[in-house]
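Shown next: coords-v7.cif, containing mmCIF, C-alpha atoms and all ligand atoms.
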data_target
loop_
_atom_site.label_atom_id
_atom_site.label_comp_id
_atom_site.auth_asym_id
_atom_site.auth_seq_id
_atom_site.Cartn_x
_atom_site.Cartn_y
_atom_site.Cartn_z
CA MET A 1 0.00 0.00 0.00
CA ILE A 2 1.16 3.50 -0.74
CA GLU A 3 -0.12 6.10 1.67
CA ILE A 4 0.28 9.72 0.72
CA MET A 5 -0.17 12.01 3.70
CA ASN A 6 -0.97 15.71 3.85
CA ALA A 7 -0.90 16.18 0.10
CA ASN A 8 -1.69 19.59 -1.26
CA THR A 9 -4.01 18.14 -3.83
CA GLU A 10 -5.66 19.77 -6.79
CA LEU A 11 -8.18 16.97 -6.94
CA GLY A 12 -10.11 17.93 -3.85
CA LYS A 13 -9.21 14.95 -1.71
CA LYS A 14 -6.86 15.00 1.23
CA ASP A 15 -5.13 11.64 1.07
CA TYR A 16 -4.68 8.88 -1.48
CA TYR A 17 -4.55 5.18 -0.72
CA ILE A 18 -3.44 2.95 -3.53
CA ASP A 19 -3.21 -0.83 -3.44
CA SER A 20 0.08 -2.29 -4.50
CA SER A 21 2.64 -4.81 -3.39
CA TYR A 22 4.80 -1.95 -2.17
CA SER A 23 4.59 -0.52 1.31
CA LEU A 24 5.41 3.13 1.45
CA THR A 25 4.29 6.19 3.36
CA ILE A 26 5.02 9.57 1.83
CA ASP A 27 4.75 12.85 3.64
CA ALA A 28 3.53 14.98 0.78
CA SER A 29 2.92 18.18 2.71
CA ASP A 30 5.12 20.20 0.35
CA LEU A 31 3.93 18.41 -2.76
CA PHE A 32 1.01 18.51 -5.16
CA VAL A 33 -0.78 15.36 -6.22
CA LEU A 34 -2.01 15.46 -9.80
CA PRO A 35 -3.41 12.79 -12.11
CA ALA A 36 -0.47 11.27 -13.98
CA MET A 37 -0.13 12.50 -17.53
CA ILE A 38 -1.60 10.66 -20.48
CA ASP A 39 0.46 11.34 -23.60
CA PRO A 40 -1.74 10.77 -26.65
CA HIS A 41 1.08 11.08 -29.18
CA VAL A 42 4.40 9.24 -28.97
CA HIS A 43 6.75 7.32 -31.25
CA PHE A 44 8.43 4.76 -29.01
CA ARG A 45 10.12 3.29 -32.12
CA ASN A 46 9.88 -0.40 -31.36
CA PRO A 47 9.34 -2.73 -33.16
CA GLY A 48 12.00 -1.90 -35.68
CA GLN A 49 14.21 0.87 -34.33
CA ALA A 50 15.56 -0.21 -30.96
CA ASP A 51 18.68 1.83 -31.67
CA LYS A 52 16.57 5.01 -31.39
CA GLU A 53 14.42 3.96 -28.40
CA THR A 54 13.06 0.85 -26.69
CA TRP A 55 9.89 0.46 -24.64
CA SER A 56 12.10 0.05 -21.60
CA SER A 57 14.02 3.31 -22.15
CA ALA A 58 10.94 5.22 -23.34
CA SER A 59 8.60 4.09 -20.54
CA LYS A 60 11.19 5.02 -17.90
CA ALA A 61 11.65 8.38 -19.61
CA ALA A 62 7.85 8.84 -19.56
CA LEU A 63 7.53 7.84 -15.88
CA PHE A 64 10.37 10.21 -15.05
CA GLY A 65 8.30 12.93 -16.71
CA GLY A 66 5.07 12.09 -14.83
CA ILE A 67 3.48 10.10 -17.68
CA THR A 68 2.00 6.64 -17.08
CA THR A 69 -0.03 6.18 -20.28
CA VAL A 70 0.90 6.71 -23.91
CA PHE A 71 -0.77 6.28 -27.31
CA ASP A 72 1.90 5.00 -29.69
CA MET A 73 2.00 5.83 -33.39
CA PRO A 74 2.14 3.19 -36.13
CA ASN A 75 5.24 4.27 -38.08
CA ASN A 76 7.28 1.29 -36.94
CA ILE A 77 9.47 -0.82 -39.17
CA PRO A 78 7.45 -2.52 -40.55
CA SER A 79 4.58 -0.06 -40.10
CA CYS A 80 1.63 -1.11 -37.94
CA THR A 81 -0.88 -1.50 -40.76
CA THR A 82 -2.19 -5.06 -40.49
CA LYS A 83 -3.94 -7.01 -37.73
CA HIS A 84 -1.01 -9.40 -37.61
CA ARG A 85 1.55 -6.59 -37.12
CA LEU A 86 -0.65 -4.92 -34.51
CA MET A 87 -0.84 -8.12 -32.45
CA ASP A 88 2.90 -8.68 -32.91
CA LYS A 89 3.60 -5.15 -31.68
CA LYS A 90 1.46 -5.68 -28.57
CA ARG A 91 3.29 -8.93 -27.81
CA ILE A 92 6.72 -7.29 -28.24
CA ILE A 93 5.78 -4.37 -25.96
CA ASP A 94 4.18 -6.56 -23.29
CA GLU A 95 7.20 -8.87 -23.24
CA GLU A 96 9.64 -5.98 -22.93
CA LEU A 97 7.71 -4.22 -20.16
CA SER A 98 7.21 -7.42 -18.16
CA ARG A 99 10.84 -8.57 -18.64
CA ASN A 100 11.98 -5.23 -17.19
CA LYS A 101 9.22 -5.21 -14.53
CA ILE A 102 7.94 -1.79 -15.57
CA ALA A 103 4.37 -0.78 -14.64
CA PHE A 104 3.10 1.25 -17.58
CA ARG A 105 0.03 1.68 -19.78
CA TYR A 106 -0.24 2.09 -23.53
CA HIS A 107 -2.68 2.13 -26.42
CA LEU A 108 -1.85 1.74 -30.09
CA TYR A 109 -2.87 3.62 -33.20
CA PHE A 110 -3.49 1.75 -36.44
CA GLY A 111 -1.88 3.26 -39.53
CA VAL A 112 -4.27 3.71 -42.45
CA THR A 113 -2.94 3.41 -45.99
CA ALA A 114 -4.65 3.43 -49.39
CA LYS A 115 -4.47 -0.38 -49.32
CA ASN A 116 -5.67 -1.43 -45.86
CA ILE A 117 -9.03 0.33 -45.33
CA HIS A 118 -10.78 -3.05 -45.56
CA SER A 119 -8.87 -4.33 -42.53
CA ILE A 120 -10.03 -1.55 -40.16
CA SER A 121 -13.04 -3.64 -39.08
CA SER A 122 -10.76 -6.44 -37.87
CA VAL A 123 -8.71 -4.18 -35.56
CA LYS A 124 -11.37 -1.70 -34.39
CA ASP A 125 -11.59 -3.16 -30.87
CA ASP A 126 -7.82 -3.31 -30.36
CA ILE A 127 -6.85 0.27 -31.13
CA ILE A 128 -7.19 3.77 -29.71
CA GLY A 129 -7.76 5.30 -33.13
CA LEU A 130 -6.71 5.54 -36.76
CA LYS A 131 -3.62 7.49 -37.70
CA VAL A 132 -3.78 9.29 -41.03
CA PHE A 133 -0.75 11.04 -42.53
CA MET A 134 -1.66 13.65 -45.14
CA GLY A 135 1.95 14.81 -45.58
CA SER A 136 5.17 12.97 -46.36
CA SER A 137 6.38 12.55 -42.83
CA THR A 138 6.73 8.88 -42.46
CA GLY A 139 7.42 6.17 -45.01
CA ASP A 140 4.58 4.25 -46.57
CA LEU A 141 1.80 5.65 -44.38
CA LEU A 142 0.83 8.52 -46.63
CA ILE A 143 -2.69 9.19 -47.88
CA ALA A 144 -2.38 11.95 -50.47
CA ASP A 145 -5.50 11.50 -52.61
CA ASP A 146 -8.94 12.82 -51.74
CA ALA A 147 -11.00 9.77 -52.76
CA THR A 148 -9.04 7.55 -50.35
CA LEU A 149 -9.20 10.15 -47.62
CA GLU A 150 -12.98 10.39 -47.96
CA LYS A 151 -13.26 6.61 -47.71
CA VAL A 152 -11.21 6.62 -44.50
CA PHE A 153 -13.48 9.23 -42.89
CA ALA A 154 -16.60 7.28 -43.89
CA THR A 155 -15.13 4.02 -42.56
CA ALA A 156 -14.05 5.61 -39.26
CA LYS A 157 -17.58 6.94 -38.75
CA LYS A 158 -19.06 3.53 -39.53
CA TYR A 159 -16.99 1.89 -36.76
CA ASN A 160 -17.13 4.89 -34.43
CA LEU A 161 -13.35 5.34 -34.48
CA ILE A 162 -11.34 8.50 -33.92
CA ILE A 163 -9.11 9.73 -36.73
CA ALA A 164 -5.87 11.31 -35.54
CA ILE A 165 -4.58 13.34 -38.41
CA HIS A 166 -1.17 14.67 -39.41
CA ALA A 167 -2.33 17.60 -41.53
CA GLU A 168 0.30 18.88 -43.93
CA ASP A 169 -0.38 18.92 -47.69
CA GLU A 170 1.83 16.57 -49.73
CA GLN A 171 1.46 18.34 -53.07
CA TYR A 172 2.26 21.70 -51.48
CA ILE A 173 5.41 20.30 -49.84
CA ARG A 174 6.62 18.86 -53.17
CA GLU A 175 6.14 22.16 -55.00
CA LYS A 176 7.81 24.21 -52.27
CA LYS A 177 10.77 21.81 -52.13
CA LYS A 178 11.45 22.48 -55.81
CA LEU A 179 11.44 26.23 -55.20
CA LEU A 180 13.45 26.24 -51.99
CA ARG A 181 16.50 24.07 -52.45
CA SER A 182 18.90 24.81 -49.62
CA SER A 183 20.98 23.13 -46.97
CA ASP A 184 19.89 25.78 -44.45
CA PRO A 185 17.51 24.06 -41.99
CA GLU A 186 15.52 27.29 -41.57
CA VAL A 187 14.12 26.54 -45.02
CA HIS A 188 12.20 23.68 -43.38
CA SER A 189 9.84 26.20 -41.79
CA LEU A 190 9.36 27.91 -45.18
CA ILE A 191 8.64 24.73 -47.13
CA ARG A 192 6.13 23.41 -44.62
CA ASP A 193 4.76 26.87 -43.92
CA PRO A 194 1.46 27.68 -42.15
CA THR A 195 -0.43 27.49 -45.47
CA CYS A 196 0.82 23.93 -45.97
CA ALA A 197 -0.85 22.89 -42.71
CA LEU A 198 -3.98 24.91 -43.37
CA ILE A 199 -4.67 23.39 -46.81
CA ALA A 200 -4.53 19.86 -45.41
CA LEU A 201 -6.49 20.80 -42.31
CA ARG A 202 -9.36 22.31 -44.34
CA LYS A 203 -9.69 19.12 -46.33
CA ALA A 204 -9.75 17.00 -43.18
CA LEU A 205 -12.32 19.27 -41.54
CA TYR A 206 -14.48 19.12 -44.67
CA PHE A 207 -14.64 15.32 -44.59
CA ALA A 208 -15.01 15.20 -40.80
CA CYS A 209 -18.02 17.54 -40.97
CA MET A 210 -19.48 15.69 -43.96
CA TYR A 211 -19.37 12.28 -42.24
CA GLN A 212 -19.54 13.57 -38.64
CA THR A 213 -16.34 11.67 -37.91
CA THR A 214 -14.53 12.40 -34.64
CA LEU A 215 -11.30 14.12 -35.61
CA TYR A 216 -8.27 14.67 -33.40
CA VAL A 217 -5.88 17.10 -35.08
CA LEU A 218 -2.32 16.23 -34.06
CA HIS A 219 0.38 18.81 -33.38
CA VAL A 220 -1.53 21.96 -34.32
CA SER A 221 1.31 24.46 -34.69
CA THR A 222 -0.28 27.75 -35.77
CA PRO A 223 -3.00 30.04 -34.37
CA GLU A 224 -4.63 29.99 -37.82
CA GLU A 225 -5.30 26.24 -37.50
CA VAL A 226 -6.83 26.73 -34.04
CA GLU A 227 -9.16 29.42 -35.42
CA GLU A 228 -10.16 27.22 -38.37
CA ILE A 229 -10.99 24.29 -36.08
CA LEU A 230 -12.90 26.44 -33.57
CA GLU A 231 -15.02 27.76 -36.45
CA ALA A 232 -15.72 24.24 -37.78
CA LYS A 233 -16.56 23.09 -34.24
CA LYS A 234 -19.73 25.20 -34.43
CA LYS A 235 -21.02 22.73 -37.05
CA HIS A 236 -19.41 19.57 -35.70
CA PRO A 237 -18.38 19.59 -32.02
CA ARG A 238 -16.30 16.40 -32.09
CA LEU A 239 -13.21 18.13 -33.46
CA TYR A 240 -10.25 18.23 -31.09
CA ILE A 241 -6.97 20.11 -31.01
CA GLU A 242 -3.60 18.83 -29.82
CA ALA A 243 -0.52 21.00 -29.31
CA THR A 244 3.03 19.86 -28.64
CA PRO A 245 5.46 21.29 -26.06
CA HIS A 246 7.90 22.29 -28.85
CA HIS A 247 5.33 24.37 -30.73
CA LEU A 248 4.29 26.01 -27.45
CA PHE A 249 7.74 26.67 -25.99
CA LEU A 250 10.13 26.84 -28.98
CA ASN A 251 10.12 28.86 -32.19
CA SER A 252 12.01 29.34 -35.45
CA THR A 253 14.74 31.45 -33.78
CA TYR A 254 16.03 28.18 -32.27
CA TYR A 255 17.55 27.17 -35.64
CA LYS A 256 20.30 29.72 -34.92
CA LYS A 257 21.35 27.82 -31.81
CA HIS A 258 20.50 24.22 -32.65
CA HIS A 259 20.65 24.16 -36.49
CA THR A 260 19.37 20.88 -37.99
CA LYS A 261 18.71 19.42 -34.55
CA VAL A 262 15.38 21.26 -34.16
CA VAL A 263 14.01 20.04 -37.50
CA VAL A 264 10.55 18.63 -36.77
CA ASN A 265 7.26 18.13 -38.63
CA PRO A 266 5.30 20.39 -38.61
CA PRO A 267 8.22 22.81 -38.26
CA LEU A 268 8.84 25.41 -35.57
CA ARG A 269 6.92 28.64 -36.23
CA SER A 270 7.73 32.33 -35.83
CA PRO A 271 7.91 33.75 -32.26
CA GLU A 272 4.73 35.71 -32.94
CA ARG A 273 2.78 32.59 -34.00
CA GLN A 274 4.23 30.63 -31.09
CA GLN A 275 3.00 33.27 -28.63
CA ARG A 276 -0.51 33.27 -30.10
CA LEU A 277 -0.63 29.49 -29.99
CA LEU A 278 0.47 29.57 -26.34
CA GLN A 279 -2.27 32.09 -25.62
CA TYR A 280 -4.92 29.80 -27.13
CA PHE A 281 -3.46 26.99 -25.04
CA THR A 282 -3.63 28.88 -21.75
CA GLN A 283 -7.13 30.19 -22.56
CA GLY A 284 -8.51 26.67 -22.94
CA CYS A 285 -9.01 26.56 -26.73
CA ILE A 286 -6.64 23.61 -27.12
CA ASP A 287 -7.88 20.25 -25.85
CA ALA A 288 -4.74 18.20 -25.29
CA LEU A 289 -0.99 18.21 -24.98
CA GLY A 290 0.78 15.48 -26.97
CA THR A 291 4.55 15.37 -26.78
CA ASP A 292 5.07 13.79 -30.23
CA HIS A 293 8.10 12.18 -28.57
CA ALA A 294 10.13 11.15 -31.63
CA PRO A 295 13.71 10.32 -30.66
CA HIS A 296 16.60 10.03 -33.11
CA SER A 297 20.33 9.52 -32.72
CA LEU A 298 22.49 12.64 -32.66
CA GLU A 299 24.03 11.46 -35.92
CA ASP A 300 20.60 11.42 -37.63
CA LYS A 301 19.73 14.85 -36.18
CA GLN A 302 22.99 16.32 -37.47
CA LYS A 303 22.73 15.07 -41.04
CA PRO A 304 22.88 18.07 -43.39
CA TYR A 305 19.46 19.44 -44.33
CA PRO A 306 17.32 18.18 -46.08
CA ASN A 307 18.50 14.72 -44.98
CA THR A 308 18.06 15.51 -41.28
CA ALA A 309 15.77 13.17 -39.31
CA ALA A 310 12.67 15.14 -38.27
CA GLY A 311 11.45 14.79 -34.67
CA LEU A 312 12.20 15.77 -31.08
CA PRO A 313 12.04 13.92 -27.78
CA GLY A 314 9.40 15.20 -25.34
CA VAL A 315 8.23 12.88 -22.56
CA GLU A 316 10.84 13.79 -19.94
CA SER A 317 10.42 17.55 -20.20
CA ALA A 318 6.72 18.17 -21.00
CA LEU A 319 5.33 18.36 -17.45
CA PRO A 320 8.28 20.42 -16.08
CA LEU A 321 7.75 22.89 -18.96
CA LEU A 322 4.07 23.22 -18.03
CA LEU A 323 4.81 23.53 -14.31
CA ASN A 324 7.46 26.13 -15.04
CA ALA A 325 4.87 28.08 -17.05
CA TRP A 326 2.51 27.75 -14.04
CA ASN A 327 5.26 29.13 -11.77
CA GLU A 328 5.63 32.04 -14.17
CA GLY A 329 1.89 32.67 -13.96
CA THR A 330 1.17 31.77 -17.59
CA ILE A 331 -1.11 28.76 -17.04
CA SER A 332 -3.33 27.41 -14.27
CA LEU A 333 -2.96 23.98 -12.67
CA LYS A 334 -6.52 23.18 -13.70
CA ARG A 335 -5.59 23.78 -17.34
CA ILE A 336 -2.55 21.53 -16.94
CA ILE A 337 -4.73 18.73 -15.59
CA ASP A 338 -7.28 19.24 -18.37
CA VAL A 339 -4.80 19.03 -21.24
CA THR A 340 -2.67 16.23 -19.78
CA SER A 341 -5.41 13.98 -18.49
CA ARG A 342 -9.07 14.93 -18.12
CA ASN A 343 -9.80 16.06 -21.68
CA ILE A 344 -7.89 13.12 -23.14
CA CYS A 345 -10.00 10.63 -21.16
CA LYS A 346 -13.16 12.32 -22.46
CA ILE A 347 -12.05 12.54 -26.10
CA PHE A 348 -10.87 8.92 -26.26
CA SER A 349 -13.63 7.49 -23.98
CA LEU A 350 -11.19 6.19 -21.37
CA PRO A 351 -11.97 5.78 -17.68
CA LEU A 352 -10.61 8.68 -15.61
CA GLN A 353 -6.90 8.45 -14.91
CA GLU A 354 -6.26 6.67 -11.61
CA ASP A 355 -2.47 6.93 -11.72
CA LEU A 356 -0.88 9.83 -9.90
CA VAL A 357 2.13 12.06 -10.06
CA LEU A 358 3.60 13.83 -7.06
CA ILE A 359 4.92 17.26 -7.89
CA ASP A 360 7.37 19.45 -6.07
CA PRO A 361 6.13 22.82 -7.32
CA ARG A 362 9.17 24.77 -6.10
CA LYS A 363 11.95 22.40 -7.13
CA THR A 364 14.29 24.02 -9.65
CA LYS A 365 16.38 21.77 -11.83
CA VAL A 366 18.26 21.94 -15.08
CA VAL A 367 16.86 19.70 -17.84
CA ARG A 368 19.16 16.77 -18.46
CA LYS A 369 18.37 13.70 -20.52
CA MET A 370 17.73 10.80 -18.16
CA TYR A 371 16.34 7.66 -19.76
CA SER A 372 15.47 8.36 -23.39
CA LYS A 373 17.96 7.19 -25.99
CA ALA A 374 17.42 10.39 -27.98
CA GLY A 375 20.73 11.97 -28.89
CA PHE A 376 19.42 15.48 -28.40
CA SER A 377 16.87 17.51 -26.43
CA PRO A 378 16.28 21.18 -27.29
CA TYR A 379 15.57 21.84 -23.60
CA GLU A 380 18.82 20.40 -22.26
CA GLY A 381 20.50 22.93 -19.97
CA LYS A 382 17.27 24.90 -19.47
CA LYS A 383 16.44 25.70 -15.83
CA LEU A 384 12.82 24.85 -14.95
CA THR A 385 10.87 25.14 -11.71
CA GLY A 386 8.26 22.47 -10.88
CA TRP A 387 9.22 18.79 -11.20
CA PRO A 388 7.64 15.39 -10.68
CA VAL A 389 9.24 13.60 -7.72
CA MET A 390 7.28 10.37 -7.95
CA THR A 391 5.03 8.82 -10.59
CA ILE A 392 2.67 6.05 -9.48
CA CYS A 393 1.41 3.65 -12.16
CA ARG A 394 -0.94 0.78 -11.18
CA GLY A 395 0.07 1.42 -7.58
CA VAL A 396 3.78 1.03 -8.33
CA PRO A 397 5.94 4.05 -7.49
CA PHE A 398 8.65 5.32 -9.83
CA MET A 399 11.02 7.70 -8.06
CA THR A 400 12.35 10.43 -10.28
ZN ZN B 501 4.07 12.27 -34.40
#

Can you present the structure in this file as structure tokens?
Ligand SMILES: [Zn+2]
Amino acid sequence: MIEIMNANTELGKKDYYIDSSYSLTIDASDLFVLPAMIDPHVHFRNPGQADKETWSSASKAALFGGITTVFDMPNNIPSCTTKHRLMDKKRIIDEELSRNKIAFRYHLYFGVTAKNIHSISSVKDDIIGLKVFMGSSTGDLLIADDATLEKVFATAKKYNLIIAIHAEDEQYIREKKKLLRSSDPEVHSLIRDPTCALIALRKALYFACMYQTTLYVLHVSTPEEVEEILEAKKKHPRLYIEATPHHLFLNSTYYKKHHTKVVVNPPLRSPERQQRLLQYFTQGCIDALGTDHAPHSLEDKQKPYPNTAAGLPGVESALPLLLNAWNEGTISLKRIIDVTSRNICKIFSLPLQEDLVLIDPRKTKVVRKMYSKAGFSPYEGKKLTGWPVMTICRGVPFMT
């Protein structure tokens, strides 16, 4: 049993009692108890890329960051696009977590391609949602033609499944790449500019409204996208917005310091757009925070542009970034709980989060990579105030 005494809790209860095989009493008088984070957007890489991350390294990184539950994306090698591969992936993850005795929770997305729409019915009860890539981010998972896209939205509605969409327009990217040939990574933000995201988003919203499909828009990176979705929400309320920590706390000026290493899809935006996005986030217009944890080796991050691997790690630093913003008076604790847990449970029809994270709201620490195999974090060396000190998953404590 874990007994947490005197907790300064945001949840309205005084003490928490959790069954587990551990026996532990914590005096939490200087701590906050929050629901542990649910991260609805991660790339934990395995099966297929254990050199970049494993479920052991990634789950420890997540627990360190106050996260006990993740929704993993299907761009594995091979991609998670058949029932057989989905079941294989589950077996591989379960084996790895149990071999390393790690208490953790996960759900899996199913990758939709032009060729596997017929197999959605066979996996519908085993997945958290359908992942649709409209831009060329990841291998063979691209859906770039409208007829196929429409079919996916109709099929998702038929089986009452959520579509999680990566909205960047493929055709637009191809044209812009021809015009902007350069080895300067800042060009990345010009090729995949705000219009690129908006074109794809409008198409997705059109089909979502037409079929009344529940749509979860991944990594919304511009205020224009937020405004477009809020407008469409008047016609179809089941449209949801996710933002990432890097689009909220970083911007295109970071290329100067980190060069290719901050290449990510969608790219970092201007400081002005970043600030407006952050405002929407703190005002409650954005439903969820997804880290889009996408680790790469330092070697892959340092390859000259345009051959740089796109993606940033995020699970270890997301909650400290939010708590630091709370300490600075930018965001309320209620908002943090909404975007990291409550809203996500509602959107994805999950039972309310029972795992907890204990927070030391005044602890100041410099960000240092702990468990992730990622070769680079854009936050490394940054001083943040507000850190998880213990994450409790299924009653099992993970000391940070
Ligand atoms: Zn992603």

Q) Can you tell me how far CA of Thr340 (chain A) sits from CA of Leu97 (chain A), in Å to one decimal? A)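 Those two atoms sit 22.9 Å apart.
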
Q: Taking all atoms listed in the file into account, report as JSON, numbers by chain which residues have an atom no farther than 10 Å from an atom of ligand ZN 501 (chain B).
A: {"A": [40, 41, 42, 43, 72, 73, 74, 75, 131, 133, 137, 138, 165, 166, 218, 219, 244, 264, 265, 266, 290, 291, 292, 293, 294, 310, 311, 312]}

Q: Using CA of Thr54 (chain A) and CA of Lys365 (chain A) as the two end points, give the distance in Å to one decimal.
A: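 Going from CA of Thr54 (chain A) over to CA of Lys365 (chain A) covers 25.9 Å.
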
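The gap separating CA of Glu186 (chain A) from CA of Asp169 (chain A) is 19.0 Å, in Å to one decimal.
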
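Considering only C-alpha atoms, the residue among A:Pro397, A:Gly375, A:Pro320, A:Pro313 positioned nearest to Ser297 (chain A) is A:Gly375.
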
Nearby residues (only C-alpha atoms) at most 10 Å from Glu316 (chain A), same-chain spacing under 4 positions excluded, as a PDB file with C-alpha atoms, in the coordinates of the input:
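Now in selection.pdb:
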ATOM      1  CA  ALA A  58      10.940   5.220 -23.340  1.00  0.00           C
ATOM      2  CA  SER A  59       8.600   4.090 -20.540  1.00  0.00           C
ATOM      3  CA  LYS A  60      11.190   5.020 -17.900  1.00  0.00           C
ATOM      4  CA  ALA A  61      11.650   8.380 -19.610  1.00  0.00           C
ATOM      5  CA  ALA A  62       7.850   8.840 -19.560  1.00  0.00           C
ATOM      6  CA  LEU A  63       7.530   7.840 -15.880  1.00  0.00           C
ATOM      7  CA  PHE A  64      10.370  10.210 -15.050  1.00  0.00           C
ATOM      8  CA  GLY A  65       8.300  12.930 -16.710  1.00  0.00           C
ATOM      9  CA  GLY A  66       5.070  12.090 -14.830  1.00  0.00           C
ATOM     10  CA  ILE A  67       3.480  10.100 -17.680  1.00  0.00           C
ATOM     11  CA  THR A 291       4.550  15.370 -26.780  1.00  0.00           C
ATOM     12  CA  HIS A 293       8.100  12.180 -28.570  1.00  0.00           C
ATOM     13  CA  PRO A 320       8.280  20.420 -16.080  1.00  0.00           C
ATOM     14  CA  LEU A 321       7.750  22.890 -18.960  1.00  0.00           C
ATOM     15  CA  VAL A 367      16.860  19.700 -17.840  1.00  0.00           C
ATOM     16  CA  ARG A 368      19.160  16.770 -18.460  1.00  0.00           C
ATOM     17  CA  LYS A 369      18.370  13.700 -20.520  1.00  0.00           C
ATOM     18  CA  MET A 370      17.730  10.800 -18.160  1.00  0.00           C
ATOM     19  CA  TYR A 371      16.340   7.660 -19.760  1.00  0.00           C
ATOM     20  CA  SER A 372      15.470   8.360 -23.390  1.00  0.00           C
ATOM     21  CA  SER A 377      16.870  17.510 -26.430  1.00  0.00           C
ATOM     22  CA  PRO A 388       7.640  15.390 -10.680  1.00  0.00           C
TER      23      PRO A 388
END

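Among the candidates A:Thr282, A:Thr260, A:Ser182, A:Asn46, the residue lying nearest to Lys301 (chain A) is A:Thr260 (atoms considered: all atoms listed in the file).
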
Q. Hey, what's within 8 Å of Leu239 (chain A) if we count only C-alpha atoms and toss same-chain stuff fewer than 2 positions away? As an MDAnalysis selection string, please?
A. chainID A and resid 214:217 229 232:233 236:237 241

(Q) Env of Gln171 (chain A): 12 Å cut, atoms = only C-alpha atoms, seq-sep filter 4 positions within chain, self excluded. Answer as a PyMOL selection string. (A) chain A and resi 134-136+142-146+175-178+191-192+196-197+199-200

Q. Skipping near chain neighbours, those fewer than 5 positions away, what residues fall within 8 Å of Thr69 (chain A) using all atoms listed in the file, listed as a VMD selection string?
A. chain A and resid 37 to 39 104 to 107

Please return the centre and edge lengths, in Å to one decimal, of a box with edges along x, y and z that contains all listed atoms of region 387-399 of chain A, widened by 4 Å on every side, as JSON.
{"center_x": 5.0, "center_y": 9.8, "center_z": -9.8, "size_x": 20.0, "size_y": 26.0, "size_z": 12.7}

(Q) Considering only C-alpha atoms, can you say which of A:Cys80, A:Thr400, A:Asp338, A:Lys261 comes closest to Asp184 (chain A)? (A) A:Lys261

Q) Of the residues A:Ser98, A:Thr308, A:Asn343, A:Thr155, which is the one nearest to Tyr240 (chain A), using only C-alpha atoms? A) A:Asn343

Q) Within 10 Å of (-2.6, -4.2, -35.9), all atoms listed in the file: residues as a PyMOL selection string? A) chain A and resi 74+79-90+108-111+119-120+122-124+126-127
